[in-house]
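Raw structure25.cif, mmCIF, C-alpha atoms:
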```
data_data
#
loop_
_atom_site.label_atom_id
_atom_site.label_comp_id
_atom_site.auth_asym_id
_atom_site.auth_seq_id
_atom_site.Cartn_x
_atom_site.Cartn_y
_atom_site.Cartn_z
CA MET A 1 -44.98 29.04 -75.81
CA ILE A 2 -44.42 30.00 -79.44
CA THR A 3 -41.92 28.69 -81.95
CA SER A 4 -40.39 29.84 -85.22
CA SER A 5 -40.94 28.46 -88.71
CA PHE A 6 -37.29 27.45 -89.19
CA LYS A 7 -36.40 23.75 -89.16
CA PRO A 8 -33.32 22.39 -87.38
CA GLN A 9 -30.18 22.01 -89.48
CA ALA A 10 -26.45 22.54 -89.13
CA GLY A 11 -25.61 26.21 -88.72
CA ARG A 12 -28.89 27.23 -87.18
CA PHE A 13 -29.33 28.41 -83.61
CA LEU A 14 -31.53 26.87 -80.94
CA ILE A 15 -32.78 29.54 -78.55
CA SER A 16 -34.22 28.18 -75.30
CA GLU A 17 -37.75 29.31 -74.53
CA PRO A 18 -37.84 31.95 -71.77
CA PHE A 19 -39.06 29.67 -68.97
CA MET A 20 -37.01 26.55 -69.67
CA ALA A 21 -36.53 24.83 -66.32
CA ASP A 22 -33.47 22.78 -67.31
CA ALA A 23 -30.54 24.65 -65.69
CA ASN A 24 -28.19 23.37 -68.41
CA PHE A 25 -30.10 25.29 -71.05
CA GLN A 26 -31.89 28.14 -69.28
CA ARG A 27 -31.57 31.27 -71.46
CA THR A 28 -29.04 29.64 -73.79
CA VAL A 29 -28.28 29.74 -77.48
CA VAL A 30 -26.97 26.53 -79.04
CA LEU A 31 -25.22 26.49 -82.40
CA LEU A 32 -26.19 23.25 -84.16
CA VAL A 33 -23.20 21.80 -85.98
CA GLU A 34 -24.84 18.51 -86.90
CA HIS A 35 -28.43 17.41 -87.35
CA ASN A 36 -29.47 14.18 -89.04
CA GLU A 37 -31.41 10.96 -88.46
CA GLU A 38 -28.81 9.81 -85.93
CA GLY A 39 -29.34 12.88 -83.73
CA SER A 40 -28.11 16.40 -83.20
CA LEU A 41 -24.99 18.01 -81.79
CA GLY A 42 -24.29 21.60 -80.87
CA PHE A 43 -22.55 24.00 -78.51
CA VAL A 44 -23.92 26.52 -76.03
CA MET A 45 -22.59 29.87 -77.19
CA ASN A 46 -23.44 32.16 -74.30
CA ARG A 47 -21.93 30.49 -71.23
CA LYS A 48 -18.35 31.69 -71.19
CA ILE A 49 -16.16 30.07 -68.55
CA GLU A 50 -13.37 31.69 -66.55
CA GLN A 51 -10.69 29.15 -67.47
CA SER A 52 -8.47 30.04 -70.38
CA LEU A 53 -7.46 27.71 -73.17
CA HIS A 54 -3.87 27.30 -71.94
CA GLU A 55 -5.26 26.21 -68.54
CA LEU A 56 -7.39 23.54 -70.21
CA ALA A 57 -5.07 22.18 -72.90
CA GLU A 58 -1.42 21.41 -72.33
CA GLY A 59 1.01 23.29 -74.52
CA MET A 60 -1.49 25.85 -75.80
CA PRO A 61 -0.34 29.46 -75.93
CA THR A 62 -1.96 32.24 -73.95
CA THR A 63 -4.72 33.50 -76.24
CA GLN A 64 -7.78 35.71 -76.21
CA ALA A 65 -9.86 32.95 -77.85
CA PRO A 66 -12.96 32.49 -75.68
CA VAL A 67 -13.87 29.22 -74.00
CA PHE A 68 -17.52 28.32 -73.33
CA MET A 69 -19.39 25.57 -71.50
CA GLY A 70 -20.60 23.79 -74.63
CA GLY A 71 -23.15 21.65 -72.87
CA PRO A 72 -23.73 18.99 -70.26
CA VAL A 73 -22.37 16.05 -72.28
CA GLU A 74 -18.75 14.87 -71.86
CA GLN A 75 -17.50 17.93 -70.03
CA ASN A 76 -14.03 16.43 -70.06
CA THR A 77 -13.70 17.08 -73.81
CA LEU A 78 -12.66 20.18 -75.75
CA HIS A 79 -14.35 21.15 -79.01
CA TYR A 80 -13.98 24.09 -81.37
CA VAL A 81 -15.77 25.99 -84.10
CA HIS A 82 -13.60 27.99 -86.49
CA GLN A 83 -13.24 29.63 -89.89
CA ASP A 84 -10.07 27.90 -91.14
CA SER A 85 -10.82 25.46 -93.96
CA THR A 86 -7.15 24.35 -94.01
CA ILE A 87 -7.37 22.60 -90.61
CA LYS A 88 -7.05 18.91 -91.40
CA GLY A 89 -10.16 16.88 -90.60
CA SER A 90 -12.43 19.92 -90.16
CA ARG A 91 -16.11 19.38 -90.78
CA LYS A 92 -18.03 22.06 -92.65
CA VAL A 93 -21.09 23.35 -90.80
CA PHE A 94 -22.19 25.91 -93.42
CA GLY A 95 -20.55 28.67 -95.46
CA GLU A 96 -17.07 29.28 -94.04
CA ILE A 97 -17.88 27.83 -90.61
CA TYR A 98 -16.19 24.57 -89.54
CA TRP A 99 -15.99 22.48 -86.41
CA SER A 100 -13.50 19.98 -85.09
CA GLY A 101 -10.35 19.08 -86.99
CA ASP A 102 -6.80 18.17 -86.06
CA PHE A 103 -6.10 19.74 -82.66
CA GLU A 104 -2.33 19.59 -83.20
CA ASP A 105 -2.79 21.55 -86.42
CA ILE A 106 -4.72 24.27 -84.56
CA LYS A 107 -2.19 24.24 -81.73
CA SER A 108 0.71 24.59 -84.16
CA LYS A 109 -0.93 27.51 -85.99
CA MET A 110 -1.70 29.24 -82.70
CA LEU A 111 1.88 28.79 -81.46
CA LEU A 112 3.19 30.22 -84.74
CA GLY A 113 0.75 33.12 -84.52
CA THR A 114 -0.85 32.27 -87.87
CA PHE A 115 -4.30 31.55 -86.43
CA ASN A 116 -6.52 34.52 -85.64
CA HIS A 117 -8.05 34.07 -82.17
CA GLU A 118 -11.12 35.97 -83.39
CA GLU A 119 -11.92 33.13 -85.79
CA ILE A 120 -12.21 30.30 -83.28
CA LEU A 121 -14.35 29.44 -80.26
CA PHE A 122 -13.57 26.64 -77.81
CA PHE A 123 -16.15 24.60 -75.90
CA VAL A 124 -15.87 22.31 -72.91
CA GLY A 125 -18.41 19.54 -73.45
CA TYR A 126 -21.27 19.63 -75.92
CA SER A 127 -25.04 19.49 -76.24
CA GLY A 128 -26.37 16.32 -77.79
CA TRP A 129 -29.71 14.80 -78.70
CA GLY A 130 -30.41 11.21 -79.75
CA PRO A 131 -32.59 10.24 -82.73
CA GLY A 132 -35.90 12.12 -82.56
CA GLN A 133 -35.09 13.76 -79.20
CA LEU A 134 -34.64 17.30 -80.52
CA GLU A 135 -37.78 16.98 -82.66
CA LYS A 136 -39.72 15.99 -79.54
CA GLU A 137 -38.39 19.03 -77.65
CA LEU A 138 -39.28 21.24 -80.62
CA SER A 139 -42.84 19.86 -80.66
CA GLU A 140 -43.03 20.74 -76.94
CA LYS A 141 -41.90 24.27 -77.92
CA ALA A 142 -38.79 24.13 -75.73
CA TRP A 143 -36.69 25.78 -78.47
CA ILE A 144 -37.02 28.57 -80.98
CA ILE A 145 -34.89 28.20 -84.11
CA ALA A 146 -33.03 31.14 -85.64
CA PRO A 147 -31.42 31.06 -89.11
CA GLU A 148 -27.72 30.78 -89.89
CA ASN A 149 -25.70 33.94 -89.33
CA PRO A 150 -21.89 33.63 -89.38
CA GLU A 151 -21.38 37.12 -87.94
CA ILE A 152 -23.18 36.16 -84.73
CA ILE A 153 -20.95 33.15 -84.13
CA PHE A 154 -17.77 35.14 -83.70
CA GLU A 155 -19.16 38.40 -82.32
CA SER A 156 -17.62 39.48 -79.06
CA ASN A 157 -20.73 39.98 -76.92
CA HIS A 158 -22.02 36.49 -76.24
CA THR A 159 -23.55 37.41 -72.88
CA SER A 160 -26.54 39.14 -74.49
CA LEU A 161 -26.82 36.63 -77.35
CA TRP A 162 -30.06 35.03 -76.12
CA GLN A 163 -31.86 38.36 -76.00
CA SER A 164 -30.36 39.80 -79.20
CA LEU A 165 -31.16 36.70 -81.29
CA LEU A 166 -34.78 36.75 -80.13
CA ARG A 167 -34.99 40.45 -80.97
CA SER A 168 -33.55 39.80 -84.43
CA LEU A 169 -36.49 37.49 -85.19
CA GLY A 170 -38.85 40.46 -84.62
CA GLY A 171 -42.53 40.52 -83.72
CA LYS A 172 -43.63 38.13 -80.98
CA PHE A 173 -40.02 37.04 -80.42
CA GLN A 174 -38.98 40.58 -79.64
CA VAL A 175 -41.56 40.58 -76.83
CA LEU A 176 -40.18 37.25 -75.52
CA SER A 177 -36.69 38.73 -75.31
CA ASN A 178 -37.92 40.99 -72.49
CA TYR A 179 -39.54 38.29 -70.35
CA PRO A 180 -38.05 38.26 -66.86
CA ILE A 181 -36.42 35.05 -65.65
CA ASP A 182 -38.86 34.95 -62.75
CA PRO A 183 -42.14 36.72 -63.66
CA SER A 184 -43.27 36.69 -60.03
CA LEU A 185 -40.55 39.22 -59.26
CA ASN A 186 -41.88 41.63 -61.86
#
```
What would you get if you wrote out this structure as structure tokens?
Amino acid sequence: MITSSFKPQAGRFLISEPFMADANFQRTVVLLVEHNEEGSLGFVMNRKIEQSLHELAEGMPTTQAPVFMGGPVEQNTLHYVHQDSTIKGSRKVFGEIYWSGDFEDIKSKMLLGTFNHEEILFFVGYSGWGPGQLEKELSEKAWIIAPENPEIIFESNHTSLWQSLLRSLGGKFQVLSNYPIDPSLN
């Protein structure tokens, strides 16, 4: 399989190679929010779940903010990526993109209607790699890295994200975006 020339860093996207066998990551796009010598952390951006935020978190208002399966690790936790730098304890990913922060602060702003649901994504669980683990997977060409793009993070059509990100890389990646899940059925 082929890979891109981009290196992993916070804000970049990991695109699973077309034939990844791991069901947790098959045809996924992961937004990396942290990458350092201690490991990497990110959230799957194209596996929306049916449960709404107010079903998952007590006291949350009914909102249109999407909720995704962020990854196979600690699926009993709720995480979020947003564009509000005033949320206490938020961690900057890049540009005006933040993750985490004081949940009560977010909840309060949402209840008051001062938080735009189009500027936040929620994730159940996360995707994590220990020291050197992601680099090993990259050397095995399990992932293709795409550059930072804040518009993609909050766009409404996450279901075709895997294919559209590959296409955006052009050339050989555009061809990969059309690979069938099971080539024997082609």
* On this structure, which residues satisfy the PyMOL selection byres ((chain A and resi 137) around 12), written as a ChimeraX atom specification? -> /A:3,8,14-17,20,40,129-136,138-145
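Take atom CA of Tyr80 of chain A and atom CA of Gln9 of chain A: the distance between them is 18.2 Å.
Closest to Leu121 of chain A among A:Asn24, A:Ser52, A:Gln174, A:Gln75 is A:Ser52, based on only C-alpha atoms.
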| request: Enumerate, as a PyMOL selection string, the residues matched when the PyMOL selection byres ((chain A and resi 78) around 7) is run on the file above. | output: chain A and resi 76-77+79-80+122-125
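A cut-off of 8 Å from the point (-18.3, 22.4, -83.4), with only C-alpha atoms, picks out the residues A:Leu32, A:Val33, A:Gly42, A:Phe43, A:His79, A:Tyr80, A:Val81, A:His82, A:Val93, A:Tyr98, A:Trp99, A:Ser100.
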Write a file of the just-selected residues containing C-alpha atoms, as a compact mmCIF listing (two decimals), keeping the file's coordinate frame.
```
# COMPACT_ATOMS: atom_id res chain seq x y z
CA LEU A 32 -26.19 23.25 -84.16
CA VAL A 33 -23.20 21.80 -85.98
CA GLY A 42 -24.29 21.60 -80.87
CA PHE A 43 -22.55 24.00 -78.51
CA HIS A 79 -14.35 21.15 -79.01
CA TYR A 80 -13.98 24.09 -81.37
CA VAL A 81 -15.77 25.99 -84.10
CA HIS A 82 -13.60 27.99 -86.49
CA VAL A 93 -21.09 23.35 -90.80
CA TYR A 98 -16.19 24.57 -89.54
CA TRP A 99 -15.99 22.48 -86.41
CA SER A 100 -13.50 19.98 -85.09
```
Padding 3 Å on every side, please: axis-aligned box over the listed atoms of segment 55-69 of chain A, centre and edge lengths to one decimal in Å, as AutoDock Vina command-line options.
```
--center_x -9.2 --center_y 28.6 --center_z -73.2 --size_x 26.4 --size_y 20.3 --size_z 15.3
```
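With only C-alpha atoms as the atoms that count, the residue of A:Gly95, A:Gly11, A:Pro72, A:Pro147 with the shortest distance to Ala23 of chain A is A:Pro72.
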Report the residues retrieved by the PyMOL selection byres ((chain A and resi 64) around 8) from the displayed file, expressed as a VMD selection string. chain A and resid 62 to 63 65 to 66 117 to 118
One decimal place gives the atom CA of Met110 of chain A-atom CA of Ser127 of chain A separation as 26.1 Å
